Amino acid sequence: MVATANSFFGFMEKNGLTILRVFYDRRNDKFLLQGMKEWDDDVPFHKYNTDFTVEDILTGDYLALNTEGLVSALAREGIKEELEHIQQLIREGGHHSIDFYYHRQKNIKVMHCKHVNTLGIKNRRHAMRIGAMRRHELDEPEIEVITDGLNLARAMAYKNGAANIPYGGSKIVVQCDPISLDDFESLGFLAYVADRSRSVTGPDMNIQPEMADVIREKFTKNYVGGRKGPLGATGPPTAYGEYLAIKEACRFIYGSPDISNKKIAIQGLGEVGYPLAEYLLNDGANLIVTDVDPSKVHRLQQQWGLNLVEYVEPEDIYTVAADIFSPCAIGGIITEERTKEFKFKIILGPANNQLQATSKEREIELAKKLAEAGILFVIDWAHNSGGVLCAWAKWLLQEKATFERLRPKIEAVCRDNFRALLEEAKTGNKTPTELVYERTESMVYFGANFDETL
């Protein structure tokens with residue numbers, strides 16, 4: 001299968017490009033495009049960092065197209081509207097750029113969505129951004145994949161700022177078939193992209209943590225989040241941080257962090273949702289759960305019993321009667337229409353980009369709608385930092401990273417800072433989402449001072 005016509009990757013294939021970049025100068029509201037052929041089809045990425053590195057010449061037939069030539073060519077191919085749509089998304093989110101990488105032989109389409117890099121430039125290390133890698137299926141619309149990546153990149157920039165992590169935010173979204181652990185050509189290419197983009201990355205949705213272990217062993221230490229090593233995968237630390245945040249939300253709404261006998265609805269029992277469910281059950285909560293994979297629900301019910309773990313169909317989770325709703329799967333699930341259907345007092349979960357929005361302004365607007373409906377909601381990046389803190393620790397400390405060393409940082413960010421945010425929200429007329437945006441904005445865009453110790 002090759003790239004679809006009338007798409008950016010179809011354009012790259014037709015014109016022999018391996019990289020296409022869309023840069024944005026937000027201060028002057030200007031865009032710049034670059035298109036290059038930087039490697040030949042027969043470059044053996046399974047030998048990356050053995051036979052060659054990111055700085056080597058990988059083609060004898062280098063090609064480069066400038067902004068004017070690319071805009072004209074994209075218009076001729078019928079992709080002008082798609083380009084304008086992407087430019088508007090980049091403008092709304094205050095992004096730096098989006099880089100397209102194409103492995104034609106394996107039909108791997110990579111979109112590195114990059115928010116501003118101010119924090120990363122000042123951190124005195126090679127990596128300037130941190131953000132996970134997510135895989136999408138090949139039949140998903142390209143513009144939806146790009147939109148997902150840009151939304152996630154913006155959230156990562158703010159998450160890093162709020163968690164005092166000295167890196168810009170990014171997200172690497174990949175469209176390809178599932179990758180097996182012995183497909184070293186594909187894994188080598190993804191390692192090349194991670195190094196080339198100067199990012200610390202790791203597995204997110206649809207990429208198994210074991211893949212990170214193989215990439216680290218064979219290709220690059222800039223890919224983290226595997227199961228090997230004393231700290232393990234990023235899912236459990238994410239769940240721990242979210243568990244602490246949920247208890248603080250209960251303190252705010254009910255006057256006590258006690259969650260015993262609280263009814264909590266969990267959407268998704270994956271790498272984060274399952275350990276979060278265990279934390280909550282251990283603390284006395286009753287759960288209503290859903291997942292597209294029934295085996296995960298069955299496993300949890302076998303462990304804890306049907307009286308503590310009730311199952312509902314995925315489409316019914318939004319309307320169940322529960323005290324708390326914890327999204328742990330896909331983003332974009334909170335819409336203005338669903339706000340009217342929710343019966344929850346609290347919506348707090350580790351899923352990224354829970355609000356169906358592409359800008360800060362729209363997120364704040366939806367957060368206000370939830371507040372008007374009597375629901376406590378706080379933008380996800382303000383409290384789901386356990387995963388990126390884990391990834392940072394694994395990259396910074398390598399084999400010396402342990403949960404015992406990481407735990408105080410998670411507790412400071414996801415419990416103490418989150419409690420302070422909610423307390424401040426009590427005294428004003430702004431939602432916690434508005435307040436945390438105000439707190440974090442200068443860090444993200446102007447690189448306010450930060451503490452980079454762990």
# chains A, B, ... in the order shown; residues from 1 in each chain; ligands from 1

call {"tool": "residues_around", "arguments": {"residues": "A:Pro237", "least_positions_apart": "2", "cutoff": "7 Å", "atoms": "only C-alpha atoms", "output": "count of residues only"}}
result
8

call {"tool": "select_by_dssp", "arguments": {"residues": "stretch 194-295 of chain A", "states": "alpha helix (DSSP H)", "output": "NGL selection string"}}
result
:A and (194-196 or 209-218 or 235-254 or 273-282 or 294-295)

call {"tool": "select_by_dssp", "arguments": {"residues": "stretch 261-451 of chain A", "states": "strand (DSSP E or B)", "output": "VMD selection string"}}
result
chain A and resid 263 to 267 286 to 290 309 to 311 324 to 327 334 346 to 347 355 376 to 377

call {"tool": "write_last_selection", "arguments": {"atoms": "N, CA and C atoms", "output": "PDB file, in the first residue's frame"}}
result
ATOM      1  N   LYS A 263     -18.477   6.298  43.649  1.00  0.00           N
ATOM      2  CA  LYS A 263     -18.710   5.606  42.380  1.00  0.00           C
ATOM      3  C   LYS A 263     -17.908   6.333  41.305  1.00  0.00           C
ATOM      4  N   ILE A 264     -16.972   5.614  40.683  1.00  0.00           N
ATOM      5  CA  ILE A 264     -16.078   6.225  39.702  1.00  0.00           C
ATOM      6  C   ILE A 264     -16.204   5.489  38.379  1.00  0.00           C
ATOM      7  N   ALA A 265     -16.485   6.230  37.314  1.00  0.00           N
ATOM      8  CA  ALA A 265     -16.595   5.670  35.970  1.00  0.00           C
ATOM      9  C   ALA A 265     -15.257   5.811  35.254  1.00  0.00           C
ATOM     10  N   ILE A 266     -14.726   4.705  34.753  1.00  0.00           N
ATOM     11  CA  ILE A 266     -13.432   4.709  34.069  1.00  0.00           C
ATOM     12  C   ILE A 266     -13.628   4.306  32.618  1.00  0.00           C
ATOM     13  N   GLN A 267     -13.170   5.145  31.725  1.00  0.00           N
ATOM     14  CA  GLN A 267     -13.225   4.868  30.289  1.00  0.00           C
ATOM     15  C   GLN A 267     -11.843   4.416  29.822  1.00  0.00           C
ATOM     16  N   ASN A 286     -15.920   2.153  44.241  1.00  0.00           N
ATOM     17  CA  ASN A 286     -16.693   1.267  43.382  1.00  0.00           C
ATOM     18  C   ASN A 286     -16.573   1.787  41.955  1.00  0.00           C
ATOM     19  N   LEU A 287     -16.405   0.877  41.000  1.00  0.00           N
ATOM     20  CA  LEU A 287     -16.128   1.307  39.627  1.00  0.00           C
ATOM     21  C   LEU A 287     -17.218   0.896  38.649  1.00  0.00           C
ATOM     22  N   ILE A 288     -17.430   1.775  37.669  1.00  0.00           N
ATOM     23  CA  ILE A 288     -18.153   1.441  36.447  1.00  0.00           C
ATOM     24  C   ILE A 288     -17.130   1.579  35.332  1.00  0.00           C
ATOM     25  N   VAL A 289     -16.878   0.520  34.584  1.00  0.00           N
ATOM     26  CA  VAL A 289     -15.785   0.551  33.612  1.00  0.00           C
ATOM     27  C   VAL A 289     -16.264   0.178  32.217  1.00  0.00           C
ATOM     28  N   THR A 290     -15.478   0.611  31.244  1.00  0.00           N
ATOM     29  CA  THR A 290     -15.717   0.195  29.869  1.00  0.00           C
ATOM     30  C   THR A 290     -14.389   0.145  29.132  1.00  0.00           C
ATOM     31  N   VAL A 309     -16.915  -3.956  40.391  1.00  0.00           N
ATOM     32  CA  VAL A 309     -16.555  -3.544  39.026  1.00  0.00           C
ATOM     33  C   VAL A 309     -17.727  -3.846  38.103  1.00  0.00           C
ATOM     34  N   GLU A 310     -18.482  -2.829  37.793  1.00  0.00           N
ATOM     35  CA  GLU A 310     -19.628  -2.952  36.886  1.00  0.00           C
ATOM     36  C   GLU A 310     -19.194  -2.572  35.466  1.00  0.00           C
ATOM     37  N   TYR A 311     -19.689  -3.292  34.486  1.00  0.00           N
ATOM     38  CA  TYR A 311     -19.344  -3.015  33.083  1.00  0.00           C
ATOM     39  C   TYR A 311     -20.521  -2.365  32.360  1.00  0.00           C
ATOM     40  N   ILE A 324     -17.629  10.457  39.898  1.00  0.00           N
ATOM     41  CA  ILE A 324     -16.431  10.900  39.172  1.00  0.00           C
ATOM     42  C   ILE A 324     -16.364  10.168  37.840  1.00  0.00           C
ATOM     43  N   PHE A 325     -15.986  10.877  36.813  1.00  0.00           N
ATOM     44  CA  PHE A 325     -15.708  10.279  35.502  1.00  0.00           C
ATOM     45  C   PHE A 325     -14.232  10.457  35.222  1.00  0.00           C
ATOM     46  N   SER A 326     -13.545   9.340  34.932  1.00  0.00           N
ATOM     47  CA  SER A 326     -12.103   9.387  34.679  1.00  0.00           C
ATOM     48  C   SER A 326     -11.808   8.854  33.279  1.00  0.00           C
ATOM     49  N   PRO A 327     -11.649   9.749  32.290  1.00  0.00           N
ATOM     50  CA  PRO A 327     -11.294   9.306  30.931  1.00  0.00           C
ATOM     51  C   PRO A 327      -9.851   8.806  30.891  1.00  0.00           C
ATOM     52  N   ILE A 334     -15.122  15.246  25.369  1.00  0.00           N
ATOM     53  CA  ILE A 334     -15.975  16.200  26.085  1.00  0.00           C
ATOM     54  C   ILE A 334     -16.397  17.292  25.115  1.00  0.00           C
ATOM     55  N   ILE A 346     -17.356  15.372  39.270  1.00  0.00           N
ATOM     56  CA  ILE A 346     -15.939  15.575  38.948  1.00  0.00           C
ATOM     57  C   ILE A 346     -15.621  14.836  37.652  1.00  0.00           C
ATOM     58  N   ILE A 347     -14.897  15.490  36.751  1.00  0.00           N
ATOM     59  CA  ILE A 347     -14.320  14.821  35.592  1.00  0.00           C
ATOM     60  C   ILE A 347     -12.815  15.015  35.677  1.00  0.00           C
ATOM     61  N   LEU A 355     -10.970  17.542  26.026  1.00  0.00           N
ATOM     62  CA  LEU A 355     -11.910  18.500  25.445  1.00  0.00           C
ATOM     63  C   LEU A 355     -11.821  18.472  23.924  1.00  0.00           C
ATOM     64  N   LEU A 376     -16.696  19.803  38.417  1.00  0.00           N
ATOM     65  CA  LEU A 376     -15.295  20.190  38.538  1.00  0.00           C
ATOM     66  C   LEU A 376     -14.515  19.504  37.422  1.00  0.00           C
ATOM     67  N   PHE A 377     -13.915  20.303  36.572  1.00  0.00           N
ATOM     68  CA  PHE A 377     -13.041  19.799  35.518  1.00  0.00           C
ATOM     69  C   PHE A 377     -11.784  20.648  35.511  1.00  0.00           C
TER      70      PHE A 377
END

call {"tool": "closest_residue", "arguments": {"among": "A:Leu190, A:Val54, A:Cys113, A:Leu63", "to": "A:Lys37", "atoms": "only C-alpha atoms"}}
result
A:Leu63

call {"tool": "closest_residue", "arguments": {"among": "A:Lys171, A:Lys159, A:Arg154, A:Lys221", "to": "A:Arg134", "atoms": "only C-alpha atoms"}}
result
A:Lys171

call {"tool": "residues_around", "arguments": {"residues": "stretch 30-35 of chain A", "least_positions_apart": "6", "cutoff": "9 Å", "atoms": "only C-alpha atoms", "output": "MDAnalysis selection string"}}
result
chainID A and resid 12 17:24 63:68 70:71 87

call {"tool": "write_last_selection", "arguments": {"atoms": "C-alpha atoms", "output": "compact mmCIF listing (two decimals), in the first residue's frame"}}
result
# COMPACT_ATOMS: atom_id res chain seq x y z
CA MET A 12 5.90 13.58 -1.10
CA LEU A 17 10.57 13.86 -1.03
CA THR A 18 11.43 12.20 2.26
CA ILE A 19 10.92 15.25 4.49
CA LEU A 20 8.39 18.09 4.29
CA ARG A 21 8.36 20.88 6.87
CA VAL A 22 5.85 23.60 7.65
CA PHE A 23 7.37 26.28 9.93
CA TYR A 24 5.46 29.10 11.64
CA LEU A 63 16.68 17.58 -3.68
CA ALA A 64 15.23 20.70 -2.05
CA LEU A 65 12.09 22.72 -2.78
CA ASN A 66 11.46 26.19 -1.40
CA THR A 67 8.29 27.77 0.00
CA GLU A 68 7.04 29.30 -3.24
CA LEU A 70 5.97 23.93 -2.62
CA VAL A 71 2.88 26.11 -2.22
CA GLN A 87 -1.65 26.43 8.90

call {"tool": "residues_around", "arguments": {"residues": "A:Val444", "least_positions_apart": "2", "cutoff": "7 Å", "atoms": "only C-alpha atoms", "output": "ChimeraX atom specification"}}
result
/A:118-119,157-158,161,440-442,446-447

call {"tool": "write_last_selection", "arguments": {"atoms": "C-alpha atoms", "output": "PDB file, in the first residue's frame"}}
result
ATOM      1  CA  THR A 118      11.962  27.804  24.486  1.00  0.00           C
ATOM      2  CA  LEU A 119      12.393  25.562  27.538  1.00  0.00           C
ATOM      3  CA  ALA A 157       4.284  21.996  26.076  1.00  0.00           C
ATOM      4  CA  TYR A 158       1.989  23.153  28.862  1.00  0.00           C
ATOM      5  CA  GLY A 161       5.871  23.775  31.926  1.00  0.00           C
ATOM      6  CA  THR A 440       2.077  28.278  32.775  1.00  0.00           C
ATOM      7  CA  GLU A 441       1.977  30.620  29.764  1.00  0.00           C
ATOM      8  CA  SER A 442       5.165  32.541  30.512  1.00  0.00           C
ATOM      9  CA  PHE A 446       9.301  32.826  27.397  1.00  0.00           C
ATOM     10  CA  GLY A 447      11.258  30.243  29.387  1.00  0.00           C
TER      11      GLY A 447
END

call {"tool": "residues_around", "arguments": {"residues": "A:Ile57", "least_positions_apart": "5", "cutoff": "12 Å", "atoms": "only C-alpha atoms", "output": "list in words"}}
result
Lys37, Glu38, Trp39, Asp40, Val43, Asp51, Phe52 and Tyr62 of chain A

call {"tool": "write_last_selection", "arguments": {"atoms": "N, CA and C atoms", "output": "mmCIF file, in the first residue's frame"}}
result
data_model
loop_
_atom_site.group_PDB
_atom_site.id
_atom_site.type_symbol
_atom_site.label_atom_id
_atom_site.label_comp_id
_atom_site.auth_asym_id
_atom_site.auth_seq_id
_atom_site.Cartn_x
_atom_site.Cartn_y
_atom_site.Cartn_z
ATOM 1 N N LYS A 37 14.612 15.720 -0.362
ATOM 2 C CA LYS A 37 14.942 14.303 -0.436
ATOM 3 C C LYS A 37 16.286 14.155 0.250
ATOM 4 N N GLU A 38 16.316 13.448 1.391
ATOM 5 C CA GLU A 38 17.540 13.330 2.179
ATOM 6 C C GLU A 38 18.034 11.889 2.298
ATOM 7 N N TRP A 39 17.258 10.919 1.837
ATOM 8 C CA TRP A 39 17.748 9.550 1.833
ATOM 9 C C TRP A 39 17.143 8.792 0.649
ATOM 10 N N ASP A 40 17.868 7.781 0.212
ATOM 11 C CA ASP A 40 17.404 6.920 -0.872
ATOM 12 C C ASP A 40 16.527 5.803 -0.312
ATOM 13 N N VAL A 43 18.239 2.882 1.706
ATOM 14 C CA VAL A 43 18.995 3.111 2.943
ATOM 15 C C VAL A 43 18.551 2.081 3.985
ATOM 16 N N ASP A 51 25.868 1.505 10.912
ATOM 17 C CA ASP A 51 26.537 1.875 9.657
ATOM 18 C C ASP A 51 26.447 3.362 9.346
ATOM 19 N N PHE A 52 25.501 4.062 9.951
ATOM 20 C CA PHE A 52 25.352 5.494 9.699
ATOM 21 C C PHE A 52 24.600 6.147 10.857
ATOM 22 N N TYR A 62 20.500 14.660 -3.722
ATOM 23 C CA TYR A 62 19.768 15.550 -2.817
ATOM 24 C C TYR A 62 18.855 16.492 -3.598
#

call {"tool": "residues_around", "arguments": {"residues": "A:Ser7", "least_positions_apart": "6", "cutoff": "10 Å", "atoms": "only C-alpha atoms", "output": "list in words"}}
result
Glu13, Leu74, Glu77, Gly78, Ile79, Glu82, Leu83, Pro141, Glu142 and Ile143 of chain A

call {"tool": "write_last_selection", "arguments": {"atoms": "C-alpha atoms", "output": "tab-separated table (two decimals), in the first residue's frame"}}
result
chain	number	residue	atom	x	y	z
A	13	GLU	CA	5.89	10.23	-2.87
A	74	LEU	CA	0.58	21.63	-3.49
A	77	GLU	CA	-2.12	18.68	-6.63
A	78	GLY	CA	-5.36	19.86	-5.02
A	79	ILE	CA	-3.91	20.07	-1.49
A	82	GLU	CA	-5.49	21.00	3.46
A	83	LEU	CA	-2.38	23.16	3.75
A	141	PRO	CA	-7.97	10.59	7.51
A	142	GLU	CA	-4.60	12.34	7.38
A	143	ILE	CA	-5.97	15.68	8.56

call {"tool": "residues_around", "arguments": {"residues": "A:Leu150", "least_positions_apart": "6", "cutoff": "12 Å", "atoms": "only C-alpha atoms", "output": "number ranges by chain"}}
result
A: 86-99, 111-116, 131, 143-144, 156-157, 169-173, 352-353, 357-359

call {"tool": "write_last_selection", "arguments": {"atoms": "N, CA and C atoms", "output": "mmCIF file, in the first residue's frame"}}
result
data_model
loop_
_atom_site.group_PDB
_atom_site.id
_atom_site.type_symbol
_atom_site.label_atom_id
_atom_site.label_comp_id
_atom_site.auth_asym_id
_atom_site.auth_seq_id
_atom_site.Cartn_x
_atom_site.Cartn_y
_atom_site.Cartn_z
ATOM 1 N N ILE A 86 -4.137 23.184 7.953
ATOM 2 C CA ILE A 86 -3.033 22.903 8.873
ATOM 3 C C ILE A 86 -2.406 24.199 9.376
ATOM 4 N N GLN A 87 -2.226 25.157 8.478
ATOM 5 C CA GLN A 87 -1.648 26.435 8.896
ATOM 6 C C GLN A 87 -2.532 27.121 9.934
ATOM 7 N N GLN A 88 -3.846 27.019 9.779
ATOM 8 C CA GLN A 88 -4.734 27.634 10.755
ATOM 9 C C GLN A 88 -4.644 26.920 12.099
ATOM 10 N N LEU A 89 -4.535 25.589 12.087
ATOM 11 C CA LEU A 89 -4.364 24.835 13.329
ATOM 12 C C LEU A 89 -3.054 25.206 14.026
ATOM 13 N N ILE A 90 -1.997 25.350 13.249
ATOM 14 C CA ILE A 90 -0.703 25.744 13.801
ATOM 15 C C ILE A 90 -0.788 27.145 14.397
ATOM 16 N N ARG A 91 -1.459 28.030 13.700
ATOM 17 C CA ARG A 91 -1.619 29.411 14.172
ATOM 18 C C ARG A 91 -2.424 29.440 15.475
ATOM 19 N N GLU A 92 -3.540 28.729 15.518
ATOM 20 C CA GLU A 92 -4.391 28.709 16.709
ATOM 21 C C GLU A 92 -3.643 28.161 17.925
ATOM 22 N N GLY A 93 -2.847 27.124 17.700
ATOM 23 C CA GLY A 93 -2.159 26.485 18.823
ATOM 24 C C GLY A 93 -0.848 27.120 19.200
ATOM 25 N N GLY A 94 -0.373 28.110 18.423
ATOM 26 C CA GLY A 94 0.907 28.746 18.723
ATOM 27 C C GLY A 94 2.089 27.812 18.541
ATOM 28 N N HIS A 95 1.998 26.920 17.545
ATOM 29 C CA HIS A 95 3.039 25.921 17.330
ATOM 30 C C HIS A 95 4.245 26.499 16.594
ATOM 31 N N HIS A 96 5.329 25.719 16.630
ATOM 32 C CA HIS A 96 6.547 26.071 15.921
ATOM 33 C C HIS A 96 6.560 25.478 14.519
ATOM 34 N N SER A 97 6.201 24.192 14.403
ATOM 35 C CA SER A 97 6.259 23.555 13.082
ATOM 36 C C SER A 97 5.645 22.172 13.133
ATOM 37 N N ILE A 98 5.496 21.594 11.950
ATOM 38 C CA ILE A 98 5.186 20.182 11.811
ATOM 39 C C ILE A 98 6.106 19.615 10.744
ATOM 40 N N ASP A 99 6.758 18.505 11.056
ATOM 41 C CA ASP A 99 7.695 17.863 10.133
ATOM 42 C C ASP A 99 7.131 16.513 9.692
ATOM 43 N N MET A 111 4.511 12.178 11.467
ATOM 44 C CA MET A 111 4.267 13.610 11.590
ATOM 45 C C MET A 111 4.745 14.060 12.971
ATOM 46 N N HIS A 112 5.826 14.818 12.991
ATOM 47 C CA HIS A 112 6.342 15.316 14.265
ATOM 48 C C HIS A 112 5.769 16.707 14.480
ATOM 49 N N CYS A 113 4.819 16.801 15.399
ATOM 50 C CA CYS A 113 4.135 18.071 15.689
ATOM 51 C C CYS A 113 4.864 18.752 16.834
ATOM 52 N N LYS A 114 5.392 19.944 16.564
ATOM 53 C CA LYS A 114 6.304 20.597 17.509
ATOM 54 C C LYS A 114 5.730 21.927 17.999
ATOM 55 N N HIS A 115 5.533 21.997 19.294
ATOM 56 C CA HIS A 115 5.168 23.270 19.903
ATOM 57 C C HIS A 115 6.466 24.046 20.155
ATOM 58 N N VAL A 116 6.382 25.178 20.828
ATOM 59 C CA VAL A 116 7.563 26.028 20.987
ATOM 60 C C VAL A 116 8.658 25.315 21.769
ATOM 61 N N GLY A 131 7.917 14.248 24.268
ATOM 62 C CA GLY A 131 6.529 13.918 23.955
ATOM 63 C C GLY A 131 6.474 12.546 23.312
ATOM 64 N N ILE A 143 -5.777 14.409 7.857
ATOM 65 C CA ILE A 143 -5.970 15.680 8.561
ATOM 66 C C ILE A 143 -6.379 15.438 10.010
ATOM 67 N N GLU A 144 -7.093 14.345 10.273
ATOM 68 C CA GLU A 144 -7.471 14.036 11.653
ATOM 69 C C GLU A 144 -6.260 13.605 12.471
ATOM 70 N N MET A 156 1.421 18.965 25.550
ATOM 71 C CA MET A 156 2.696 18.550 26.122
ATOM 72 C C MET A 156 3.539 19.747 26.521
ATOM 73 N N ALA A 157 3.507 20.805 25.731
ATOM 74 C CA ALA A 157 4.284 21.996 26.076
ATOM 75 C C ALA A 157 3.828 22.561 27.420
ATOM 76 N N GLY A 169 7.352 21.053 24.143
ATOM 77 C CA GLY A 169 6.400 19.970 23.950
ATOM 78 C C GLY A 169 6.328 19.530 22.501
ATOM 79 N N SER A 170 6.080 18.241 22.286
ATOM 80 C CA SER A 170 5.901 17.735 20.929
ATOM 81 C C SER A 170 5.100 16.457 20.986
ATOM 82 N N LYS A 171 4.682 15.998 19.830
ATOM 83 C CA LYS A 171 4.032 14.702 19.694
ATOM 84 C C LYS A 171 4.414 14.130 18.347
ATOM 85 N N ILE A 172 4.838 12.891 18.335
ATOM 86 C CA ILE A 172 5.149 12.207 17.085
ATOM 87 C C ILE A 172 4.008 11.246 16.795
ATOM 88 N N VAL A 173 3.252 11.531 15.734
ATOM 89 C CA VAL A 173 2.163 10.645 15.343
ATOM 90 C C VAL A 173 2.585 9.897 14.081
ATOM 91 N N ASN A 352 -5.286 12.268 27.368
ATOM 92 C CA ASN A 352 -4.838 13.556 26.843
ATOM 93 C C ASN A 352 -5.920 14.209 25.997
ATOM 94 N N ASN A 353 -5.973 15.534 26.054
ATOM 95 C CA ASN A 353 -6.867 16.315 25.191
ATOM 96 C C ASN A 353 -8.313 15.838 25.266
ATOM 97 N N ALA A 357 -11.400 20.397 21.268
ATOM 98 C CA ALA A 357 -10.986 21.770 21.004
ATOM 99 C C ALA A 357 -9.604 21.762 20.382
ATOM 100 N N THR A 358 -9.285 22.823 19.645
ATOM 101 C CA THR A 358 -7.959 22.940 19.027
ATOM 102 C C THR A 358 -7.232 24.207 19.464
ATOM 103 N N SER A 359 -7.776 24.917 20.451
ATOM 104 C CA SER A 359 -7.122 26.137 20.917
ATOM 105 C C SER A 359 -7.358 26.313 22.411
#

call {"tool": "closest_residue", "arguments": {"among": "A:Ala367, A:Leu187, A:Leu269, A:Ile108", "to": "A:Pro294", "atoms": "only C-alpha atoms"}}
result
A:Leu269
